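Structure below is my_file.pdb: PDB, C-alpha atoms.
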ATOM      1  CA  MET A   1     -31.337-129.758-206.772
ATOM      2  CA  ALA A   2     -29.523-133.031-206.535
ATOM      3  CA  ARG A   3     -26.306-134.313-207.994
ATOM      4  CA  VAL A   4     -25.809-137.590-209.804
ATOM      5  CA  VAL A   5     -22.242-138.677-210.386
ATOM      6  CA  VAL A   6     -21.069-140.815-213.279
ATOM      7  CA  ASP A   7     -17.598-142.289-212.927
ATOM      8  CA  VAL A   8     -15.983-143.626-216.078
ATOM      9  CA  MET A   9     -12.904-145.868-215.999
ATOM     10  CA  LEU A  10     -10.998-147.660-218.721
ATOM     11  CA  LYS A  11     -11.650-151.393-218.574
ATOM     12  CA  PRO A  12      -8.913-153.201-216.626
ATOM     13  CA  GLU A  13      -7.505-154.861-219.740
ATOM     14  CA  ILE A  14      -7.161-151.564-221.660
ATOM     15  CA  LEU A  15      -3.769-149.869-221.453
ATOM     16  CA  ASP A  16      -3.915-146.503-219.670
ATOM     17  CA  PRO A  17      -0.904-144.442-220.833
ATOM     18  CA  GLN A  18      -2.013-141.372-218.868
ATOM     19  CA  GLY A  19      -2.242-143.353-215.643
ATOM     20  CA  LYS A  20       1.181-144.802-216.373
ATOM     21  CA  ALA A  21       2.607-141.302-216.874
ATOM     22  CA  VAL A  22       1.167-140.179-213.538
ATOM     23  CA  HIS A  23       2.468-143.306-211.853
ATOM     24  CA  GLY A  24       5.893-142.737-213.368
ATOM     25  CA  ALA A  25       6.044-139.236-211.905
ATOM     26  CA  LEU A  26       5.385-140.327-208.325
ATOM     27  CA  PRO A  27       8.843-141.672-207.432
ATOM     28  CA  ARG A  28      10.348-138.427-208.708
ATOM     29  CA  LEU A  29       8.227-136.651-206.104
ATOM     30  CA  GLY A  30       9.377-139.035-203.415
ATOM     31  CA  PHE A  31       6.234-141.220-203.297
ATOM     32  CA  ASP A  32       7.455-144.770-203.611
ATOM     33  CA  GLY A  33       4.584-146.785-202.192
ATOM     34  CA  ILE A  34       2.034-146.550-205.030
ATOM     35  CA  GLY A  35       1.745-149.758-207.034
ATOM     36  CA  ASP A  36      -0.238-148.433-209.987
ATOM     37  CA  VAL A  37      -2.392-145.512-211.117
ATOM     38  CA  ARG A  38      -5.428-145.664-213.397
ATOM     39  CA  GLN A  39      -6.946-142.417-214.592
ATOM     40  CA  GLY A  40     -10.682-142.008-215.137
ATOM     41  CA  LYS A  41     -13.320-139.335-215.585
ATOM     42  CA  ARG A  42     -15.969-138.015-213.205
ATOM     43  CA  PHE A  43     -19.126-136.329-214.472
ATOM     44  CA  GLU A  44     -21.447-134.425-212.134
ATOM     45  CA  LEU A  45     -24.983-134.113-213.445
ATOM     46  CA  GLU A  46     -27.339-131.651-211.732
ATOM     47  CA  VAL A  47     -31.019-132.645-211.671
ATOM     48  CA  ASP A  48     -34.110-131.197-209.976
ATOM     49  CA  GLU A  49     -35.081-134.466-208.466
ATOM     50  CA  VAL A  50     -33.707-137.991-208.489
ATOM     51  CA  THR A  51     -36.374-140.324-209.819
ATOM     52  CA  ASP A  52     -36.185-143.800-211.330
ATOM     53  CA  VAL A  53     -36.971-142.295-214.710
ATOM     54  CA  ARG A  54     -34.193-139.726-214.341
ATOM     55  CA  LEU A  55     -31.698-142.364-213.218
ATOM     56  CA  ALA A  56     -32.600-144.561-216.165
ATOM     57  CA  GLU A  57     -32.031-141.578-218.420
ATOM     58  CA  ILE A  58     -28.648-140.874-216.849
ATOM     59  CA  ASN A  59     -27.660-144.501-217.291
ATOM     60  CA  GLU A  60     -28.476-144.144-220.967
ATOM     61  CA  ILE A  61     -26.434-140.932-221.167
ATOM     62  CA  ALA A  62     -23.511-142.702-219.512
ATOM     63  CA  GLN A  63     -23.834-145.626-221.886
ATOM     64  CA  THR A  64     -24.147-143.639-225.116
ATOM     65  CA  LEU A  65     -22.088-140.491-224.627
ATOM     66  CA  LEU A  66     -20.088-140.314-221.406
ATOM     67  CA  SER A  67     -18.462-143.713-221.868
ATOM     68  CA  ASN A  68     -17.436-145.889-224.788
ATOM     69  CA  PRO A  69     -18.489-149.417-223.797
ATOM     70  CA  VAL A  70     -15.780-150.884-226.034
ATOM     71  CA  ILE A  71     -13.036-149.571-223.771
ATOM     72  CA  GLU A  72     -14.693-148.150-220.646
ATOM     73  CA  ASP A  73     -16.932-149.111-217.717
ATOM     74  CA  PHE A  74     -19.077-146.674-215.773
ATOM     75  CA  THR A  75     -20.876-146.422-212.454
ATOM     76  CA  VAL A  76     -23.712-144.091-211.490
ATOM     77  CA  HIS A  77     -24.395-142.917-207.964
ATOM     78  CA  VAL A  78     -26.433-140.194-206.309
ATOM     79  CA  GLU A  79     -24.319-137.855-204.234
ATOM     80  CA  ASP A  80     -25.566-137.220-200.711
ATOM     81  CA  ALA A  81     -26.843-133.711-200.064
ATOM     82  CA  PRO A  82     -24.252-131.605-198.205
TER
ATOM     83  CA  MET B   1     -18.677-138.104-259.650
ATOM     84  CA  LYS B   2     -19.012-136.321-256.321
ATOM     85  CA  ILE B   3     -17.140-137.194-253.146
ATOM     86  CA  GLY B   4     -18.261-135.370-250.010
ATOM     87  CA  VAL B   5     -15.735-134.265-247.392
ATOM     88  CA  VAL B   6     -17.236-133.422-244.013
ATOM     89  CA  THR B   7     -15.995-130.476-242.009
ATOM     90  CA  PHE B   8     -16.553-130.664-238.256
ATOM     91  CA  PRO B   9     -15.504-127.922-235.845
ATOM     92  CA  GLY B  10     -11.829-128.786-235.414
ATOM     93  CA  SER B  11     -11.335-130.726-238.657
ATOM     94  CA  LEU B  12      -7.857-130.089-240.084
ATOM     95  CA  ASP B  13      -7.403-132.224-243.149
ATOM     96  CA  ASP B  14     -10.649-131.509-244.997
ATOM     97  CA  THR B  15      -8.816-129.299-247.499
ATOM     98  CA  ASP B  16      -6.151-131.908-248.227
ATOM     99  CA  ALA B  17      -8.815-134.616-248.518
ATOM    100  CA  SER B  18     -10.768-132.472-250.982
ATOM    101  CA  ARG B  19      -7.600-131.863-252.929
ATOM    102  CA  ALA B  20      -6.878-135.594-253.065
ATOM    103  CA  VAL B  21     -10.400-136.201-254.382
ATOM    104  CA  GLY B  22      -9.717-133.661-257.128
ATOM    105  CA  PHE B  23      -6.359-135.257-257.979
ATOM    106  CA  ALA B  24      -8.105-138.597-258.363
ATOM    107  CA  GLY B  25     -10.462-137.043-260.885
ATOM    108  CA  ALA B  26     -13.650-136.525-258.909
ATOM    109  CA  GLU B  27     -15.451-133.446-257.695
ATOM    110  CA  ALA B  28     -14.992-132.715-253.995
ATOM    111  CA  VAL B  29     -18.115-131.461-252.255
ATOM    112  CA  ALA B  30     -17.803-129.735-248.897
ATOM    113  CA  LEU B  31     -20.275-131.142-246.366
ATOM    114  CA  TRP B  32     -21.078-129.342-243.141
ATOM    115  CA  HIS B  33     -21.400-131.155-239.802
ATOM    116  CA  GLY B  34     -24.517-129.251-238.813
ATOM    117  CA  THR B  35     -26.730-130.178-241.727
ATOM    118  CA  HIS B  36     -28.738-133.254-242.635
ATOM    119  CA  ASP B  37     -27.867-132.943-246.313
ATOM    120  CA  LEU B  38     -25.269-135.051-248.147
ATOM    121  CA  LEU B  39     -25.859-132.923-251.294
ATOM    122  CA  GLY B  40     -26.198-135.923-253.556
ATOM    123  CA  VAL B  41     -22.617-137.201-253.173
ATOM    124  CA  ASP B  42     -21.568-140.714-254.204
ATOM    125  CA  ALA B  43     -19.169-141.273-251.292
ATOM    126  CA  VAL B  44     -18.053-139.534-248.097
ATOM    127  CA  VAL B  45     -14.691-138.854-246.474
ATOM    128  CA  LEU B  46     -14.482-138.050-242.762
ATOM    129  CA  PRO B  47     -11.154-136.215-242.562
ATOM    130  CA  GLY B  48      -8.495-135.993-239.893
ATOM    131  CA  GLY B  49      -8.240-133.353-237.225
ATOM    132  CA  PHE B  50      -9.506-132.773-233.728
ATOM    133  CA  SER B  51     -13.284-132.531-234.022
ATOM    134  CA  TYR B  52     -14.782-130.751-231.023
ATOM    135  CA  GLY B  53     -11.276-130.410-229.611
ATOM    136  CA  ASP B  54     -11.155-134.161-228.902
ATOM    137  CA  TYR B  55     -13.259-133.335-225.824
ATOM    138  CA  LEU B  56     -14.641-136.336-223.928
ATOM    139  CA  ARG B  57     -13.044-138.863-226.310
ATOM    140  CA  CYS B  58     -11.769-138.458-229.870
ATOM    141  CA  GLY B  59     -14.804-138.552-232.152
ATOM    142  CA  ALA B  60     -17.301-138.990-229.329
ATOM    143  CA  ILE B  61     -19.123-135.724-229.908
ATOM    144  CA  ALA B  62     -18.788-135.645-233.693
ATOM    145  CA  ARG B  63     -20.657-138.916-233.700
ATOM    146  CA  PHE B  64     -23.820-137.021-232.759
ATOM    147  CA  ALA B  65     -23.449-134.300-235.399
ATOM    148  CA  PRO B  66     -26.527-134.047-237.632
ATOM    149  CA  VAL B  67     -24.561-134.994-240.749
ATOM    150  CA  MET B  68     -23.488-138.259-239.122
ATOM    151  CA  GLU B  69     -27.092-139.496-239.037
ATOM    152  CA  GLU B  70     -27.098-139.204-242.802
ATOM    153  CA  VAL B  71     -23.630-140.725-243.149
ATOM    154  CA  ALA B  72     -24.678-143.719-241.030
ATOM    155  CA  ARG B  73     -27.860-144.152-243.058
ATOM    156  CA  ALA B  74     -25.973-143.898-246.360
ATOM    157  CA  ALA B  75     -23.270-146.311-245.125
ATOM    158  CA  ALA B  76     -25.956-148.840-244.216
ATOM    159  CA  GLY B  77     -27.212-148.509-247.770
ATOM    160  CA  GLY B  78     -23.764-149.282-249.178
ATOM    161  CA  MET B  79     -22.339-145.824-249.824
ATOM    162  CA  PRO B  80     -18.521-145.805-249.552
ATOM    163  CA  VAL B  81     -17.334-144.001-246.413
ATOM    164  CA  LEU B  82     -13.663-143.451-245.541
ATOM    165  CA  GLY B  83     -12.621-142.205-242.117
ATOM    166  CA  ILE B  84      -9.040-141.005-241.839
ATOM    167  CA  CYS B  85      -7.435-140.549-238.406
ATOM    168  CA  ASN B  86     -10.065-138.525-236.515
ATOM    169  CA  GLY B  87     -12.526-139.823-239.100
ATOM    170  CA  PHE B  88     -11.564-143.391-238.128
ATOM    171  CA  GLN B  89     -12.147-142.482-234.482
ATOM    172  CA  ILE B  90     -15.578-141.087-235.395
ATOM    173  CA  LEU B  91     -16.496-144.266-237.287
ATOM    174  CA  CYS B  92     -15.557-146.380-234.273
ATOM    175  CA  GLU B  93     -17.483-144.133-231.878
ATOM    176  CA  SER B  94     -20.444-144.365-234.272
ATOM    177  CA  HIS B  95     -20.224-148.187-234.174
ATOM    178  CA  LEU B  96     -19.941-148.193-237.955
ATOM    179  CA  LEU B  97     -16.642-149.990-237.311
ATOM    180  CA  PRO B  98     -15.666-152.166-234.326
ATOM    181  CA  GLY B  99     -13.023-151.316-231.743
ATOM    182  CA  ALA B 100     -11.710-148.000-230.490
ATOM    183  CA  LEU B 101      -8.638-145.776-230.713
ATOM    184  CA  ILE B 102      -6.796-144.934-227.511
ATOM    185  CA  ARG B 103      -3.756-142.866-226.622
ATOM    186  CA  ASN B 104      -0.477-144.066-228.149
ATOM    187  CA  ASP B 105       1.201-146.554-225.817
ATOM    188  CA  HIS B 106       4.395-144.470-225.721
ATOM    189  CA  ARG B 107       2.333-141.337-224.834
ATOM    190  CA  LYS B 108       3.933-139.142-227.489
ATOM    191  CA  PHE B 109       2.421-137.644-230.605
ATOM    192  CA  VAL B 110       3.879-139.463-233.597
ATOM    193  CA  CYS B 111       4.459-137.834-236.987
ATOM    194  CA  ARG B 112       6.367-139.783-239.602
ATOM    195  CA  ASP B 113       6.264-141.493-242.985
ATOM    196  CA  GLN B 114       4.793-144.896-242.264
ATOM    197  CA  GLY B 115       5.001-148.183-244.111
ATOM    198  CA  LEU B 116       1.731-150.084-244.532
ATOM    199  CA  ARG B 117       0.726-153.366-246.072
ATOM    200  CA  ILE B 118      -2.645-153.338-247.861
ATOM    201  CA  GLU B 119      -4.070-156.671-246.737
ATOM    202  CA  ASN B 120      -7.533-156.269-248.213
ATOM    203  CA  ALA B 121      -7.427-154.889-251.743
ATOM    204  CA  SER B 122     -11.100-155.481-252.442
ATOM    205  CA  THR B 123     -12.760-152.759-250.340
ATOM    206  CA  ALA B 124     -14.423-149.717-251.865
ATOM    207  CA  TRP B 125     -11.328-147.696-250.955
ATOM    208  CA  THR B 126      -8.462-150.106-251.698
ATOM    209  CA  ASN B 127      -9.290-151.881-254.970
ATOM    210  CA  ALA B 128      -6.645-149.861-256.860
ATOM    211  CA  TYR B 129      -3.924-151.588-254.810
ATOM    212  CA  GLY B 130      -2.479-155.037-255.223
ATOM    213  CA  GLN B 131      -3.062-157.624-252.509
ATOM    214  CA  ASP B 132      -0.334-157.170-249.852
ATOM    215  CA  GLN B 133       1.063-154.145-251.679
ATOM    216  CA  GLU B 134       3.350-152.110-249.447
ATOM    217  CA  ILE B 135       2.917-148.349-249.417
ATOM    218  CA  VAL B 136       4.279-145.358-247.483
ATOM    219  CA  VAL B 137       2.032-142.528-246.316
ATOM    220  CA  PRO B 138       2.277-139.996-243.483
ATOM    221  CA  LEU B 139       1.060-140.931-240.028
ATOM    222  CA  LYS B 140       0.347-138.291-237.389
ATOM    223  CA  ASN B 141      -1.617-139.031-234.262
ATOM    224  CA  GLY B 142      -1.656-138.877-230.511
ATOM    225  CA  GLU B 143      -4.491-141.332-230.019
ATOM    226  CA  GLY B 144      -4.000-143.927-232.716
ATOM    227  CA  GLY B 145      -3.774-147.126-230.708
ATOM    228  CA  PHE B 146      -6.359-149.480-232.161
ATOM    229  CA  VAL B 147      -7.902-151.718-229.500
ATOM    230  CA  ALA B 148     -10.692-154.276-229.546
ATOM    231  CA  ALA B 149     -11.595-157.416-227.639
ATOM    232  CA  GLU B 150      -9.598-160.506-228.651
ATOM    233  CA  GLN B 151     -12.753-162.060-230.060
ATOM    234  CA  ALA B 152     -13.435-158.984-232.203
ATOM    235  CA  LEU B 153      -9.824-158.989-233.427
ATOM    236  CA  ASP B 154     -10.068-162.678-234.357
ATOM    237  CA  LEU B 155     -13.286-161.946-236.241
ATOM    238  CA  LEU B 156     -11.681-159.051-238.132
ATOM    239  CA  GLU B 157      -8.692-161.190-239.093
ATOM    240  CA  GLY B 158     -10.822-164.221-239.953
ATOM    241  CA  GLU B 159     -13.050-162.228-242.265
ATOM    242  CA  GLY B 160     -10.145-160.442-243.944
ATOM    243  CA  ARG B 161     -11.313-157.107-242.606
ATOM    244  CA  VAL B 162      -7.866-155.816-241.637
ATOM    245  CA  VAL B 163      -7.392-153.408-244.522
ATOM    246  CA  ALA B 164      -3.928-152.135-243.657
ATOM    247  CA  ARG B 165      -1.261-153.178-241.195
ATOM    248  CA  TYR B 166       1.784-151.238-239.986
ATOM    249  CA  ILE B 167       5.119-152.540-241.236
ATOM    250  CA  GLY B 168       8.577-151.509-240.139
ATOM    251  CA  GLY B 169       7.516-151.075-236.525
ATOM    252  CA  ASN B 170       4.295-150.407-234.672
ATOM    253  CA  PRO B 171       4.041-146.613-234.220
ATOM    254  CA  ASN B 172       1.295-146.370-231.597
ATOM    255  CA  GLY B 173       0.651-149.639-229.834
ATOM    256  CA  SER B 174      -2.205-150.730-232.090
ATOM    257  CA  MET B 175      -3.196-154.309-231.375
ATOM    258  CA  ARG B 176      -1.883-156.747-233.994
ATOM    259  CA  ASP B 177      -0.295-153.777-235.845
ATOM    260  CA  ILE B 178      -3.695-152.826-237.253
ATOM    261  CA  ALA B 179      -3.704-149.505-239.135
ATOM    262  CA  GLY B 180      -7.074-149.779-240.833
ATOM    263  CA  ILE B 181     -10.179-151.954-240.938
ATOM    264  CA  THR B 182     -13.403-152.307-242.888
ATOM    265  CA  ASN B 183     -16.981-153.338-242.188
ATOM    266  CA  GLU B 184     -18.460-156.635-243.397
ATOM    267  CA  ARG B 185     -19.653-155.118-246.636
ATOM    268  CA  GLY B 186     -16.335-153.433-247.430
ATOM    269  CA  ASN B 187     -17.845-150.008-248.088
ATOM    270  CA  VAL B 188     -16.824-148.404-244.776
ATOM    271  CA  VAL B 189     -13.076-148.132-244.148
ATOM    272  CA  GLY B 190     -11.268-146.528-241.228
ATOM    273  CA  LEU B 191      -7.569-145.761-241.420
ATOM    274  CA  MET B 192      -5.247-144.050-238.962
ATOM    275  CA  PRO B 193      -2.518-142.964-241.439
ATOM    276  CA  HIS B 194      -3.144-140.215-243.993
ATOM    277  CA  PRO B 195      -3.293-141.208-247.683
ATOM    278  CA  GLU B 196      -4.561-137.730-248.589
ATOM    279  CA  HIS B 197      -1.113-136.320-247.695
ATOM    280  CA  ALA B 198       0.626-138.597-250.211
ATOM    281  CA  ILE B 199      -0.932-137.840-253.576
ATOM    282  CA  GLU B 200       1.738-135.879-255.421
ATOM    283  CA  ASP B 201       5.510-135.799-255.585
ATOM    284  CA  LEU B 202       5.798-132.129-254.689
ATOM    285  CA  CYS B 203       5.424-132.840-250.986
ATOM    286  CA  GLY B 204       5.045-135.828-248.736
ATOM    287  CA  PRO B 205       6.649-139.237-249.180
ATOM    288  CA  GLY B 206       5.208-139.874-252.651
ATOM    289  CA  THR B 207       1.925-140.721-254.310
ATOM    290  CA  ASP B 208       1.101-144.012-252.621
ATOM    291  CA  GLY B 209      -2.007-142.556-251.001
ATOM    292  CA  LEU B 210      -3.801-141.632-254.183
ATOM    293  CA  GLY B 211      -5.027-145.187-254.654
ATOM    294  CA  PHE B 212      -7.613-144.774-251.883
ATOM    295  CA  PHE B 213      -9.280-142.020-253.871
ATOM    296  CA  THR B 214      -9.010-143.644-257.303
ATOM    297  CA  SER B 215     -10.367-146.873-255.765
ATOM    298  CA  VAL B 216     -13.621-145.269-254.741
ATOM    299  CA  LEU B 217     -14.081-143.788-258.196
ATOM    300  CA  GLN B 218     -13.857-147.288-259.631
ATOM    301  CA  THR B 219     -16.261-148.566-256.947
ATOM    302  CA  VAL B 220     -18.847-145.897-257.703
ATOM    303  CA  ALA B 221     -18.438-146.264-261.469
ATOM    304  CA  VAL B 222     -19.046-149.996-261.305
ATOM    305  CA  GLY B 223     -21.934-149.371-258.941
TER
END

Would you write out, as C-alpha cells, the structure that this file holds?
Amino acid sequence: MARVVVDVMLKPEILDPQGKAVHGALPRLGFDGIGDVRQGKRFELEVDEVTDVRLAEINEIAQTLLSNPVIEDFTVHVEDAP
Amino acid sequence: MKIGVVTFPGSLDDTDASRAVGFAGAEAVALWHGTHDLLGVDAVVLPGGFSYGDYLRCGAIARFAPVMEEVARAAAGGMPVLGICNGFQILCESHLLPGALIRNDHRKFVCRDQGLRIENASTAWTNAYGQDQEIVVPLKNGEGGFVAAEQALDLLEGEGRVVARYIGGNPNGSMRDIAGITNERGNVVGLMPHPEHAIEDLCGPGTDGLGFFTSVLQTVAVG
C-alpha cells in the first residue's frame, strides 16, 4: 500500500475566516509571533501502487471533488513509506 | 403545472419550498436525490439546508447526486431551476452558476429579515417583480459569502446577471453585495436568502417571497 496526499488551500485572494479565527486566538494563548494563519484540508488516499495512471486519476479527483477550483488550489504528493 | 422540489440527505427547507409552490398555485412534486427521474416536472427547486452535512464543502457532494445529472441536463435545455441557500451552493458547485459561497466574513451564523433589491426582473424566477423592486425575506446562513474572480463579477454585472443585491447592509461579506445571480439564459437562478419563508402573513416578514414562485408559473405558462 502507498499513500498519496492531496493538500487543498484557499486561493491567496480568498478570505479565510476560519484561519482568521485561529490567528485571533493565538495572542490569547500567549503566542504573539505568528503573522497570519490560513487553514486548509489534507486528504490521504490509500492506493495499492503509485502509477502514472493512478496519479492522473487522483489529480482528477482533486480537481473535481476534493477542491473547488473557483476558490481553492491543490497539490498532490506521494508520501514516503515509513 | 408541476414544480419539483429535491430532497437531499440534510435538506431542511424542502417542505417550506413545496408549500410555497402550492401557495403560488402549482403542484409541488417531491424529487429524491438518489433517482434519475424528474417525474415530468416543469421546473425544479433545490431547497436550503445542509445536504450531506456540508461535508467537504457546502453542496460539493450533492452535486454528484444522481438527480443532479438530470437537473443539469434539464437546465441546459432551458428548464427553470432555482437554488435557494444550500441550493445556490449546489448550483455553484455544479458549475451551473459561476462563483462560490464561502464562510461569512464575520464568522457567525446570520438569521434575520433581509432587504433585497431585485435588479433583474426578467429571469424565469423574478418576472413577477418590478425592476429594482425592494423586498424583505428571511436570510439564514453560515456560508453565504458570494465570491468570484473580479473578471467574473464584471461579466455578471455587465450582462445584468445580478438578480438580487443586499440592501441595508451586507450580511455575510458577499462581494459587491450580491445575494443572487442567474445564468446567461435566465432560467437558472441561485439565491442565498429564503423567499419560500415569506409567502404568507401568518409568519415571516410578509409575502415578498411569493413572487419567485408565481414568476416561474408565468414562465412555464408562456413556454

Given all atoms listed in the file, how would the per-residue table for chain B near chain A read, listing every residue at most 12 Å away with its closest atom pair and distance in Å to one decimal, sorted by chain and number, as JSON lines?
{"residue": "B:Tyr55", "atom": "CA", "partner": "A:Leu66", "partner_atom": "CA", "distance": 10.7}
{"residue": "B:Leu56", "atom": "CA", "partner": "A:Leu66", "partner_atom": "CA", "distance": 7.2}
{"residue": "B:Arg57", "atom": "CA", "partner": "A:Asn68", "partner_atom": "CA", "distance": 8.4}
{"residue": "B:Cys58", "atom": "CA", "partner": "A:Asn68", "partner_atom": "CA", "distance": 10.6}
{"residue": "B:Gly59", "atom": "CA", "partner": "A:Leu65", "partner_atom": "CA", "distance": 10.7}
{"residue": "B:Ala60", "atom": "CA", "partner": "A:Leu65", "partner_atom": "CA", "distance": 6.9}
{"residue": "B:Ile61", "atom": "CA", "partner": "A:Leu65", "partner_atom": "CA", "distance": 7.7}
{"residue": "B:Ala62", "atom": "CA", "partner": "A:Leu65", "partner_atom": "CA", "distance": 10.8}
{"residue": "B:Arg63", "atom": "CA", "partner": "A:Leu65", "partner_atom": "CA", "distance": 9.3}
{"residue": "B:Phe64", "atom": "CA", "partner": "A:Leu65", "partner_atom": "CA", "distance": 9.0}
{"residue": "B:Gln89", "atom": "CA", "partner": "A:Asn68", "partner_atom": "CA", "distance": 11.6}
{"residue": "B:Ile90", "atom": "CA", "partner": "A:Asn68", "partner_atom": "CA", "distance": 11.8}
{"residue": "B:Cys92", "atom": "CA", "partner": "A:Val70", "partner_atom": "CA", "distance": 9.4}
{"residue": "B:Glu93", "atom": "CA", "partner": "A:Asn68", "partner_atom": "CA", "distance": 7.3}
{"residue": "B:Ser94", "atom": "CA", "partner": "A:Thr64", "partner_atom": "CA", "distance": 9.9}
{"residue": "B:His95", "atom": "CA", "partner": "A:Val70", "partner_atom": "CA", "distance": 9.7}
{"residue": "B:Leu97", "atom": "CA", "partner": "A:Val70", "partner_atom": "CA", "distance": 11.3}
{"residue": "B:Pro98", "atom": "CA", "partner": "A:Val70", "partner_atom": "CA", "distance": 8.4}
{"residue": "B:Gly99", "atom": "CA", "partner": "A:Val70", "partner_atom": "CA", "distance": 6.4}
{"residue": "B:Ala100", "atom": "CA", "partner": "A:Val70", "partner_atom": "CA", "distance": 6.7}
{"residue": "B:Leu101", "atom": "CA", "partner": "A:Ile71", "partner_atom": "CA", "distance": 9.1}
{"residue": "B:Ile102", "atom": "CA", "partner": "A:Leu15", "partner_atom": "CA", "distance": 8.4}
{"residue": "B:Arg103", "atom": "CA", "partner": "A:Pro17", "partner_atom": "CA", "distance": 6.6}
{"residue": "B:Asn104", "atom": "CA", "partner": "A:Pro17", "partner_atom": "CA", "distance": 7.3}
{"residue": "B:Asp105", "atom": "CA", "partner": "A:Pro17", "partner_atom": "CA", "distance": 5.8}
{"residue": "B:His106", "atom": "CA", "partner": "A:Pro17", "partner_atom": "CA", "distance": 7.2}
{"residue": "B:Arg107", "atom": "CA", "partner": "A:Pro17", "partner_atom": "CA", "distance": 6.0}
{"residue": "B:Lys108", "atom": "CA", "partner": "A:Pro17", "partner_atom": "CA", "distance": 9.8}
{"residue": "B:Gly142", "atom": "CA", "partner": "A:Pro17", "partner_atom": "CA", "distance": 11.2}
{"residue": "B:Glu143", "atom": "CA", "partner": "A:Pro17", "partner_atom": "CA", "distance": 10.3}
{"residue": "B:Gly145", "atom": "CA", "partner": "A:Leu15", "partner_atom": "CA", "distance": 9.7}
{"residue": "B:Phe146", "atom": "CA", "partner": "A:Ile71", "partner_atom": "CA", "distance": 10.7}
{"residue": "B:Val147", "atom": "CA", "partner": "A:Ile14", "partner_atom": "CA", "distance": 7.9}
{"residue": "B:Ala148", "atom": "CA", "partner": "A:Val70", "partner_atom": "CA", "distance": 7.1}
{"residue": "B:Ala149", "atom": "CA", "partner": "A:Val70", "partner_atom": "CA", "distance": 7.9}
{"residue": "B:Glu150", "atom": "CA", "partner": "A:Glu13", "partner_atom": "CA", "distance": 10.8}
{"residue": "B:Ala152", "atom": "CA", "partner": "A:Val70", "partner_atom": "CA", "distance": 10.4}
{"residue": "B:Asn172", "atom": "CA", "partner": "A:Pro17", "partner_atom": "CA", "distance": 11.2}
{"residue": "B:Gly173", "atom": "CA", "partner": "A:Leu15", "partner_atom": "CA", "distance": 9.5}
{"residue": "B:Ser174", "atom": "CA", "partner": "A:Leu15", "partner_atom": "CA", "distance": 10.8}
{"residue": "B:Met175", "atom": "CA", "partner": "A:Ile14", "partner_atom": "CA", "distance": 10.8}

Spell out the residues picked by the PyMOL selection byres ((chain B and resi 212-217) around 10) here, as a VMD selection string. chain B and resid 1 to 3 17 20 to 26 42 to 45 80 to 82 121 to 129 187 195 to 196 199 208 to 211 218 to 223

List every protein, DNA or RNA residue that has an atom no more than 8 Å from (-13.8, -139.4, -212.2) in the file's coordinate frame, counting all atoms listed in the file, and report them as a VMD selection string. chain A and resid 6 to 9 39 to 43

Within 6 Å of (-12.6, -132.1, -233.0) (coordinates as in the file), grab all the protein and nucleic acid residues, counting only C-alpha atoms, and write them out as a list in words.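 Every residue inside that radius is included here: Pro9, Gly10, Ser11, Phe50, Ser51, Tyr52, Gly53 and Asp54 of chain B.
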
Which one of A:Gly33, A:Val53, A:Glu44, A:Val22 sits closest to A:Val76 if you count only C-alpha atoms?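 So, comparing all the options, the nearest one is A:Glu44.
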
Considering only C-alpha atoms, return as a list of chain:residue names whatever protein or nucleic-acid residues lie within 8 Å of stretch 66-71 of chain B, sequence-local ones (same chain, fewer than 6 positions apart) excluded.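 Here the qualifying residues turn out to be B:Trp32, B:His33, B:Gly34, B:Thr35, B:His36, B:Asp37, B:Leu38, B:Val44, B:Val81.
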
List as a short mmCIF file (atom, residue, chain, number, x, y, z; two decimals) with C-alpha atoms, in the frame of the given file the protein and nucleic acid residues near A:Asp48, meaning an atom at most 10 Å away when only C-alpha atoms are counted, but skip any in the same chain fewer than 4 places from it.
data_model
loop_
_atom_site.label_atom_id
_atom_site.label_comp_id
_atom_site.auth_asym_id
_atom_site.auth_seq_id
_atom_site.Cartn_x
_atom_site.Cartn_y
_atom_site.Cartn_z
CA MET A 1 -31.34 -129.76 -206.77
CA ALA A 2 -29.52 -133.03 -206.54
CA ARG A 3 -26.31 -134.31 -207.99
CA ARG A 54 -34.19 -139.73 -214.34
#

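Atom pair atom CA of B:Gly180 / atom CA of B:Asp16: separated by 19.4 Å.
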
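Atom CA of B:Cys85 to atom CA of B:Leu46 spans 8.7 Å [interatomic distance, one decimal].
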
Selection result for the PyMOL selection byres ((chain B and resi 184) around 9) on this file, as a compact mmCIF listing (two decimals) with C-alpha atoms, in the coordinates of the input:
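New file part25.txt:
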# COMPACT_ATOMS: atom_id res chain seq x y z
CA LEU B 156 -11.68 -159.05 -238.13
CA GLU B 159 -13.05 -162.23 -242.26
CA ARG B 161 -11.31 -157.11 -242.61
CA THR B 182 -13.40 -152.31 -242.89
CA ASN B 183 -16.98 -153.34 -242.19
CA ARG B 185 -19.65 -155.12 -246.64
CA GLY B 186 -16.34 -153.43 -247.43
CA ASN B 187 -17.84 -150.01 -248.09
CA VAL B 188 -16.82 -148.40 -244.78

Residues selected by the PyMOL selection byres ((chain A and resi 55) around 12), written as a ChimeraX atom specification: /A:2-6,45-54,56-62,75-78

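Proximity to A:Arg38 was assessed for A:Pro12, A:Leu26, A:Glu72, A:Glu79 counting all atoms listed in the file; the smallest distance is recorded for A:Pro12.
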
From the options B:Ile118, B:Met79, B:Gln151, B:Gly204, which residue's atoms come nearest to B:Gln131, counting only C-alpha atoms?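 Of all the options, B:Ile118 lies closest to B:Gln131.
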
What's the separation between atom CA of B:Ala76 and atom CA of B:Leu39, in Å to one decimal place?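 Going from atom CA of B:Ala76 over to atom CA of B:Leu39 covers 17.4 Å.
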
Where is the centre and how long are the edges: axis-aligned box on stretch 19-36 of chain A, 8 Å on each side, Å to one decimal, as AutoDock Vina command-line options:
--center_x 4.1 --center_y -143.2 --center_z -209.5 --size_x 28.6 --size_y 29.1 --size_z 30.7
